[in-house]
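File shown: protein_3.csv (CSV, C-alpha atoms).
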```csv
chain,number,residue,atom,x,y,z
A,1,MET,CA,-36.4,-1.2,-36.5
A,2,ASP,CA,-38.4,-0.2,-33.5
A,3,VAL,CA,-37.5,3.4,-32.4
A,4,ASN,CA,-36.8,2.3,-28.8
A,5,LYS,CA,-34.4,-0.3,-30.0
A,6,GLU,CA,-32.7,2.2,-32.3
A,7,ILE,CA,-32.3,4.5,-29.3
A,8,ALA,CA,-30.9,1.7,-27.1
A,9,THR,CA,-28.5,0.8,-29.9
A,10,ALA,CA,-27.4,4.4,-30.3
A,11,ALA,CA,-26.8,4.7,-26.5
A,12,ALA,CA,-24.9,1.4,-26.4
A,13,PHE,CA,-22.7,2.4,-29.3
A,14,ALA,CA,-21.8,5.7,-27.6
A,15,GLN,CA,-21.1,4.0,-24.3
A,16,ALA,CA,-18.9,1.4,-26.0
A,17,SER,CA,-17.0,4.2,-27.7
A,18,TRP,CA,-16.5,6.0,-24.4
A,19,VAL,CA,-15.2,2.8,-22.8
A,20,VAL,CA,-12.8,2.1,-25.6
A,21,ALA,CA,-11.6,5.8,-25.6
A,22,GLY,CA,-11.1,5.7,-21.9
A,23,LEU,CA,-9.2,2.5,-21.8
A,24,CYS,CA,-6.9,3.8,-24.6
A,25,LEU,CA,-6.3,7.0,-22.7
A,26,TYR,CA,-5.6,5.4,-19.4
A,27,LEU,CA,-3.5,2.6,-20.7
A,28,THR,CA,-1.3,4.8,-23.0
A,29,ASN,CA,-0.6,7.6,-20.5
A,30,PRO,CA,2.0,6.5,-18.0
A,31,GLY,CA,1.0,9.2,-15.5
A,32,ALA,CA,-2.7,8.1,-15.4
A,33,ALA,CA,-4.1,5.7,-12.8
A,34,LEU,CA,-6.8,3.4,-14.0
A,35,MET,CA,-7.4,2.1,-10.5
A,36,SER,CA,-8.3,5.4,-9.0
A,37,SER,CA,-11.3,7.4,-7.9
A,38,SER,CA,-10.8,9.8,-10.8
A,39,ALA,CA,-10.9,7.0,-13.3
A,40,ALA,CA,-14.1,5.7,-11.7
A,41,ALA,CA,-15.7,9.1,-11.9
A,42,PHE,CA,-14.5,9.4,-15.6
A,43,PHE,CA,-16.2,6.1,-16.6
A,44,VAL,CA,-19.3,6.5,-14.5
A,45,ALA,CA,-20.0,10.1,-15.8
A,46,GLY,CA,-19.2,9.0,-19.3
A,47,LEU,CA,-21.3,5.9,-19.4
A,48,PHE,CA,-24.4,7.3,-17.7
A,49,VAL,CA,-24.3,11.0,-18.7
A,50,VAL,CA,-22.0,12.1,-21.4
A,51,ALA,CA,-22.1,9.2,-23.8
A,52,PRO,CA,-25.9,8.8,-23.7
A,53,LEU,CA,-26.3,12.5,-24.4
A,54,LEU,CA,-23.9,12.3,-27.4
A,55,GLY,CA,-25.5,9.1,-28.6
A,56,MET,CA,-29.0,10.7,-28.6
A,57,ALA,CA,-27.7,13.8,-30.4
A,58,PHE,CA,-26.1,11.7,-33.1
A,59,PHE,CA,-29.1,9.4,-33.3
A,60,GLY,CA,-31.3,12.4,-34.0
A,61,LEU,CA,-28.9,13.7,-36.6
A,62,ARG,CA,-28.7,10.3,-38.2
A,63,ARG,CA,-32.5,10.0,-38.5
A,64,VAL,CA,-32.6,13.4,-40.1
A,65,LEU,CA,-30.1,12.4,-42.7
A,66,VAL,CA,-31.7,9.0,-43.4
A,67,ASN,CA,-35.1,10.6,-43.8
A,68,GLU,CA,-33.7,13.3,-46.1
A,69,ALA,CA,-32.0,10.7,-48.2
A,70,ALA,CA,-35.2,8.6,-48.3
A,71,THR,CA,-37.4,11.6,-49.5
A,72,GLN,CA,-34.9,12.4,-52.2
A,73,GLU,CA,-34.4,8.8,-53.6
A,74,ASP,CA,-36.3,9.6,-56.7
A,75,VAL,CA,-34.7,13.0,-57.2
A,76,PRO,CA,-31.6,12.9,-59.4
A,77,GLY,CA,-28.6,14.9,-58.3
A,78,ALA,CA,-25.8,14.9,-55.7
A,79,ARG,CA,-27.7,16.2,-52.7
A,80,ALA,CA,-29.5,12.9,-51.9
A,81,GLY,CA,-26.2,11.0,-52.4
A,82,ARG,CA,-24.4,13.3,-49.9
A,83,SER,CA,-27.2,12.8,-47.3
A,84,ALA,CA,-26.9,9.0,-47.6
A,85,LEU,CA,-23.1,9.2,-47.5
A,86,TRP,CA,-23.2,11.3,-44.3
A,87,ALA,CA,-25.7,8.9,-42.7
A,88,TRP,CA,-23.2,6.0,-43.3
A,89,LEU,CA,-20.2,8.1,-42.1
A,90,LEU,CA,-21.9,9.4,-39.0
A,91,PRO,CA,-20.8,6.5,-36.7
A,92,ALA,CA,-17.2,7.2,-37.5
A,93,VAL,CA,-17.7,10.9,-36.9
A,94,GLU,CA,-19.5,10.1,-33.6
A,95,ALA,CA,-16.7,7.9,-32.4
A,96,ILE,CA,-14.1,10.7,-33.1
A,97,VAL,CA,-16.2,13.3,-31.3
A,98,ILE,CA,-16.7,11.0,-28.3
A,99,PHE,CA,-12.9,10.3,-28.2
A,100,ALA,CA,-12.2,14.1,-28.3
A,101,VAL,CA,-14.7,14.7,-25.4
A,102,ALA,CA,-13.3,11.8,-23.5
A,103,ASP,CA,-9.7,13.1,-23.9
A,104,PHE,CA,-10.8,16.6,-22.7
A,105,GLY,CA,-12.4,15.1,-19.6
A,106,PHE,CA,-9.5,12.7,-19.0
A,107,GLN,CA,-6.9,15.5,-19.2
A,108,ARG,CA,-8.7,17.5,-16.6
A,109,MET,CA,-9.6,14.8,-14.2
A,110,GLU,CA,-6.2,13.1,-14.2
A,111,SER,CA,-4.4,16.5,-14.0
A,112,PHE,CA,-6.6,17.4,-11.0
A,113,ARG,CA,-5.8,14.0,-9.4
A,114,ALA,CA,-2.0,14.3,-10.0
A,115,GLY,CA,-1.7,18.0,-9.2
A,116,VAL,CA,0.2,18.6,-12.4
A,117,PRO,CA,-0.6,18.1,-16.1
A,118,VAL,CA,-1.1,14.3,-16.5
A,119,GLU,CA,1.8,14.0,-18.9
A,120,TYR,CA,4.1,15.2,-16.2
A,121,ALA,CA,2.8,13.0,-13.3
A,122,ARG,CA,5.6,10.5,-13.4
A,123,GLU,CA,8.3,13.1,-13.9
A,124,ARG,CA,6.9,15.0,-10.9
A,125,ASP,CA,7.3,11.9,-8.8
A,126,SER,CA,10.8,11.4,-10.0
A,127,PHE,CA,11.7,15.0,-9.4
A,128,ASP,CA,10.2,15.0,-5.9
A,129,ALA,CA,12.0,11.7,-5.1
A,130,SER,CA,15.3,13.0,-6.3
A,131,LEU,CA,15.1,16.0,-4.0
A,132,LYS,CA,14.1,13.8,-1.1
A,133,SER,CA,17.1,11.5,-1.7
A,134,PHE,CA,19.5,14.5,-1.9
A,135,SER,CA,17.9,15.9,1.3
A,136,ALA,CA,18.3,12.6,3.1
A,137,ALA,CA,22.0,12.5,2.1
A,138,ASN,CA,22.4,16.1,3.4
A,139,ASN,CA,20.9,15.1,6.8
A,140,LEU,CA,23.2,12.1,7.1
A,141,GLU,CA,26.1,14.4,6.2
A,142,GLU,CA,25.3,16.6,9.1
A,143,GLU,CA,25.2,13.5,11.4
A,144,ALA,CA,28.5,12.3,10.2
A,145,LYS,CA,30.2,15.8,10.3
A,146,ALA,CA,31.4,15.6,13.9
A,147,GLY,CA,32.9,12.1,13.5
A,148,ARG,CA,34.5,13.1,10.2
A,149,GLU,CA,36.1,16.2,11.7
A,150,SER,CA,37.5,14.1,14.6
A,151,GLY,CA,38.9,11.6,12.2
A,152,GLN,CA,36.4,8.9,13.2
A,153,LEU,CA,34.5,7.9,10.0
A,154,ASP,CA,31.3,5.9,10.3
A,155,ALA,CA,31.5,3.5,7.4
A,156,ASP,CA,27.8,2.7,7.5
A,157,ILE,CA,26.7,6.4,7.4
A,158,GLU,CA,29.2,7.1,4.6
A,159,ALA,CA,27.8,4.3,2.6
A,160,ARG,CA,24.2,5.4,3.1
A,161,VAL,CA,25.1,9.0,2.1
A,162,VAL,CA,26.5,7.7,-1.2
A,163,ALA,CA,23.5,5.4,-1.7
A,164,PHE,CA,21.1,8.3,-1.2
A,165,ILE,CA,23.0,10.6,-3.6
A,166,GLU,CA,23.2,7.8,-6.3
A,167,ASP,CA,19.5,7.2,-5.9
A,168,GLY,CA,18.8,10.9,-6.4
A,169,ILE,CA,21.0,11.1,-9.4
A,170,ALA,CA,19.3,8.0,-10.9
A,171,ARG,CA,15.8,9.5,-10.4
A,172,SER,CA,16.9,12.8,-11.9
A,173,ARG,CA,17.5,11.0,-15.2
A,174,ASN,CA,13.7,10.4,-15.5
A,175,VAL,CA,13.0,14.1,-15.3
A,176,GLY,CA,12.8,15.9,-18.7
A,177,ASP,CA,13.6,19.5,-19.5
A,178,PRO,CA,9.9,20.2,-20.6
A,179,PHE,CA,8.8,19.3,-17.1
A,180,LEU,CA,11.5,21.4,-15.5
A,181,THR,CA,10.6,24.3,-17.7
A,182,TYR,CA,6.9,23.9,-16.7
A,183,LEU,CA,8.0,24.4,-13.1
A,184,ASP,CA,10.3,27.3,-13.9
A,185,PRO,CA,11.7,28.4,-17.3
A,186,GLU,CA,15.2,28.8,-15.7
A,187,LEU,CA,15.2,25.5,-13.8
A,188,PRO,CA,16.7,23.0,-16.3
A,189,GLU,CA,20.2,24.3,-16.2
A,190,PRO,CA,20.6,24.9,-12.4
A,191,TYR,CA,18.9,21.6,-11.7
A,192,ARG,CA,21.3,19.6,-14.0
A,193,GLY,CA,24.3,21.9,-14.0
A,194,GLN,CA,24.4,22.7,-10.3
A,195,LEU,CA,22.4,20.2,-8.2
A,196,VAL,CA,22.8,17.0,-10.1
A,197,LYS,CA,26.3,17.8,-11.4
A,198,GLY,CA,27.4,18.8,-7.9
A,199,TYR,CA,26.2,15.5,-6.4
A,200,GLU,CA,27.8,13.5,-9.2
A,201,MET,CA,31.1,15.3,-8.4
A,202,LEU,CA,30.7,14.6,-4.7
A,203,VAL,CA,30.2,10.8,-5.3
A,204,GLU,CA,33.1,10.6,-7.7
A,205,GLY,CA,35.3,12.7,-5.4
A,206,ARG,CA,34.5,10.3,-2.5
A,207,ARG,CA,35.4,7.3,-4.6
A,208,THR,CA,38.7,8.7,-5.9
A,209,GLY,CA,39.7,10.6,-2.8
A,210,ASP,CA,39.7,13.8,-4.8
A,211,VAL,CA,39.1,16.5,-2.2
A,212,ALA,CA,39.1,19.3,-4.8
A,213,MET,CA,36.3,17.6,-6.7
A,214,GLN,CA,34.3,17.2,-3.6
A,215,THR,CA,34.8,20.9,-2.8
A,216,THR,CA,33.6,21.9,-6.3
A,217,GLY,CA,30.6,19.6,-6.0
A,218,ASN,CA,29.6,21.0,-2.7
A,219,GLU,CA,29.9,24.6,-4.1
A,220,LEU,CA,27.6,23.7,-7.0
A,221,VAL,CA,25.0,22.2,-4.7
A,222,ARG,CA,25.3,25.2,-2.4
A,223,GLN,CA,24.7,27.6,-5.4
A,224,PHE,CA,21.5,25.7,-6.3
A,225,TYR,CA,20.0,25.7,-2.7
A,226,GLU,CA,21.2,29.1,-1.6
A,227,GLU,CA,21.4,31.2,-4.7
A,228,PHE,CA,18.9,29.8,-7.3
A,229,LEU,CA,16.2,28.2,-5.3
A,230,PRO,CA,15.1,30.5,-2.5
A,231,THR,CA,13.3,33.1,-4.6
A,232,ARG,CA,11.6,30.4,-6.7
A,233,ALA,CA,10.7,27.7,-4.2
A,234,ASP,CA,7.1,28.8,-3.5
A,235,ALA,CA,6.3,29.0,-7.1
A,236,ILE,CA,7.8,25.6,-7.9
A,237,LEU,CA,6.0,24.0,-5.0
A,238,GLY,CA,2.8,25.6,-6.2
A,239,LYS,CA,3.3,24.0,-9.6
A,240,LEU,CA,3.9,20.7,-7.9
A,241,GLY,CA,0.7,21.0,-6.0
A,242,LEU,CA,2.6,21.4,-2.7
A,243,ARG,CA,3.1,24.1,-0.2
A,244,ALA,CA,6.2,25.1,1.7
A,245,GLU,CA,6.1,23.8,5.3
```
Just dump the structure as structure tokens.
Amino acid sequence: MDVNKEIATAAAFAQASWVVAGLCLYLTNPGAALMSSSAAAFFVAGLFVVAPLLGMAFFGLRRVLVNEAATQEDVPGARAGRSALWAWLLPAVEAIVIFAVADFGFQRMESFRAGVPVEYARERDSFDASLKSFSAANNLEEEAKAGRESGQLDADIEARVVAFIEDGIARSRNVGDPFLTYLDPELPEPYRGQLVKGYEMLVEGRRTGDVAMQTTGNELVRQFYEEFLPTRADAILGKLGLRAE
């Protein structure tokens, strides 16, 4: 085969391997975004820089092994056989190396895009959304406080408070302990045992008219926001790729 055609074939094989590796990585990682600028950069850099370089390196290695096997065809022994075997196995080795390099680049590019390790991207969104829902419920509670104290309940606001709390609770179920530990080693228990548990008790207390349960729930929520969180908020926000306002 013409050398130029061999080089073109080697480059095409490396590029195809990069595309297959990239699609596998983007389609099997829920936190990744295939339709994003980081994905575009990943594929462009891989197709036109990384894959051709790897393809040329393995092309050169393959030619060395093939030539070595050819020169030792008439020589008995295992060495020539090993060279020929490696020449045949090299494409598989190349594909594995390309996948490993692609995974390295993928992890860094998608983690940079997401602001957290890519495996935590969806959990970060759920965690952030749960806190926002709880915060929205707290704001509505403040609006409703005056009417509640005067005995004039606003049914619409009360229903929205419960809806926001239930939304926050539902989103918290998509947040795993490994992610919470990544944010702060001590966060899992207070997040679940104070914040989420407190809001669960608040909702249940409202439904059943159990004032004592509501009081206990409020106390658990207060402990999270006033005792646990203040000294850790900046560090947690930093891990989330955010800054305190």
Tell me, counting only C-alpha atoms, for each residue of stretch 180-211 of chain A within 8 Å of stretch 161-176 of chain A, which pair of atoms is nearest and how far apart they are in Å to one decimal, in rows ordered by chain and increasing number, as JSON lines.
```
{"residue": "A:Leu180", "atom": "CA", "partner": "A:Gly176", "partner_atom": "CA", "distance": 6.5}
{"residue": "A:Val196", "atom": "CA", "partner": "A:Ile169", "partner_atom": "CA", "distance": 6.2}
{"residue": "A:Tyr199", "atom": "CA", "partner": "A:Ile165", "partner_atom": "CA", "distance": 6.5}
{"residue": "A:Glu200", "atom": "CA", "partner": "A:Ile169", "partner_atom": "CA", "distance": 7.2}
{"residue": "A:Val203", "atom": "CA", "partner": "A:Val162", "partner_atom": "CA", "distance": 6.3}
```
Grab the residues selected above and save them as an mmCIF file, in the frame of the given file with C-alpha atoms.
```
data_model
loop_
_atom_site.group_PDB
_atom_site.id
_atom_site.type_symbol
_atom_site.label_atom_id
_atom_site.label_comp_id
_atom_site.auth_asym_id
_atom_site.auth_seq_id
_atom_site.Cartn_x
_atom_site.Cartn_y
_atom_site.Cartn_z
ATOM 1 C CA LEU A 180 11.500 21.400 -15.500
ATOM 2 C CA VAL A 196 22.800 17.000 -10.100
ATOM 3 C CA TYR A 199 26.200 15.500 -6.400
ATOM 4 C CA GLU A 200 27.800 13.500 -9.200
ATOM 5 C CA VAL A 203 30.200 10.800 -5.300
#
```
ask   = So how far away is atom CA of A:Asp184 from atom CA of A:Arg222, in Å?
value =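 Interatomic distance here is 19.0 Å.
Atom CA of A:Met201 lies 14.2 Å from atom CA of A:Ala137.
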inquiry  = Considering all atoms listed in the file, can you say which of A:Ala33, A:Arg192, A:Ala159, A:Trp88 comes closest to A:Asp177?
reply    = A:Arg192
ask   = Looking at A:Phe13, A:Phe48, A:Phe42, A:Tyr182, which one is nearest to A:Ala235, with distances taken over only C-alpha atoms?
value = A:Tyr182
ask   = Between A:Ala129, A:Ala57, A:Ala45, A:Leu240, which is the closest to A:Glu94 once you count all atoms listed in the file?
value =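 For A:Glu94, the nearest of the given residues is A:Ala57.
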request  = Go through A:Val64, A:Leu202, A:Val116, A:Leu23 one by one, measure the shortest atom-to-atom distance of each to A:Gln214 using only C-alpha atoms, and give the residue with the smallest value.
outcome  =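 Of all the options, A:Leu202 lies closest to A:Gln214.
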inquiry  = Give me, as a list in words, all polymer residues having an atom no more than 12 Å from A:Gly55, counting only C-alpha atoms and skipping those fewer than 6 positions away in the same chain.
reply    =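 Using only C-alpha atoms, the neighbours found are Glu6, Ile7, Ala8, Thr9, Ala10, Ala11, Ala12, Phe13, Ala14, Gln15, Ala16, Ser17, Trp18, Gly46, Leu47, Phe48, Val49, Leu61, Arg62, Leu90, Pro91, Val93, Glu94, Ala95, Val97 and Ile98 of chain A.
Note that the spacing between atom CA of A:Phe228 and atom CA of A:Thr216 amounts to 16.7 Å.
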key: Shortest interatomic distance to A:Glu189 - which of A:Ala233, A:Leu220, A:Ala114, A:Val211, counting only C-alpha atoms   =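 The shortest atom-to-atom distance to A:Glu189 comes from A:Leu220.
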query = Using all atoms listed in the file, which residues sit within 10 Å of A:Leu187 once same-chain residues fewer than 6 positions away are excluded, as a ChimeraX atom specification?
reply = /A:177,179-181,193,224,228-229,232,236
Quick one: write out the picked residues with C-alpha atoms as a PDB file, keeping the file's coordinate frame?
```
ATOM      1  CA  ASP A 177      13.600  19.500 -19.500  1.00  0.00           C
ATOM      2  CA  PHE A 179       8.800  19.300 -17.100  1.00  0.00           C
ATOM      3  CA  LEU A 180      11.500  21.400 -15.500  1.00  0.00           C
ATOM      4  CA  THR A 181      10.600  24.300 -17.700  1.00  0.00           C
ATOM      5  CA  GLY A 193      24.300  21.900 -14.000  1.00  0.00           C
ATOM      6  CA  PHE A 224      21.500  25.700  -6.300  1.00  0.00           C
ATOM      7  CA  PHE A 228      18.900  29.800  -7.300  1.00  0.00           C
ATOM      8  CA  LEU A 229      16.200  28.200  -5.300  1.00  0.00           C
ATOM      9  CA  ARG A 232      11.600  30.400  -6.700  1.00  0.00           C
ATOM     10  CA  ILE A 236       7.800  25.600  -7.900  1.00  0.00           C
TER      11      ILE A 236
END
```
request  = Can you work out which one of A:Ile96, A:Val50, A:Met109, A:Cys24 has the shortest atom-to-atom distance to A:Ser38, counting all atoms listed in the file?
outcome  = A:Met109
key: Residues near A:Asn218, cut-off 10 Å, only C-alpha atoms, skip fewer than 5 positions along chain, as JSON, numbers by chain   = {"A": [194, 195, 197, 198, 199, 201, 202, 212, 213, 223]}
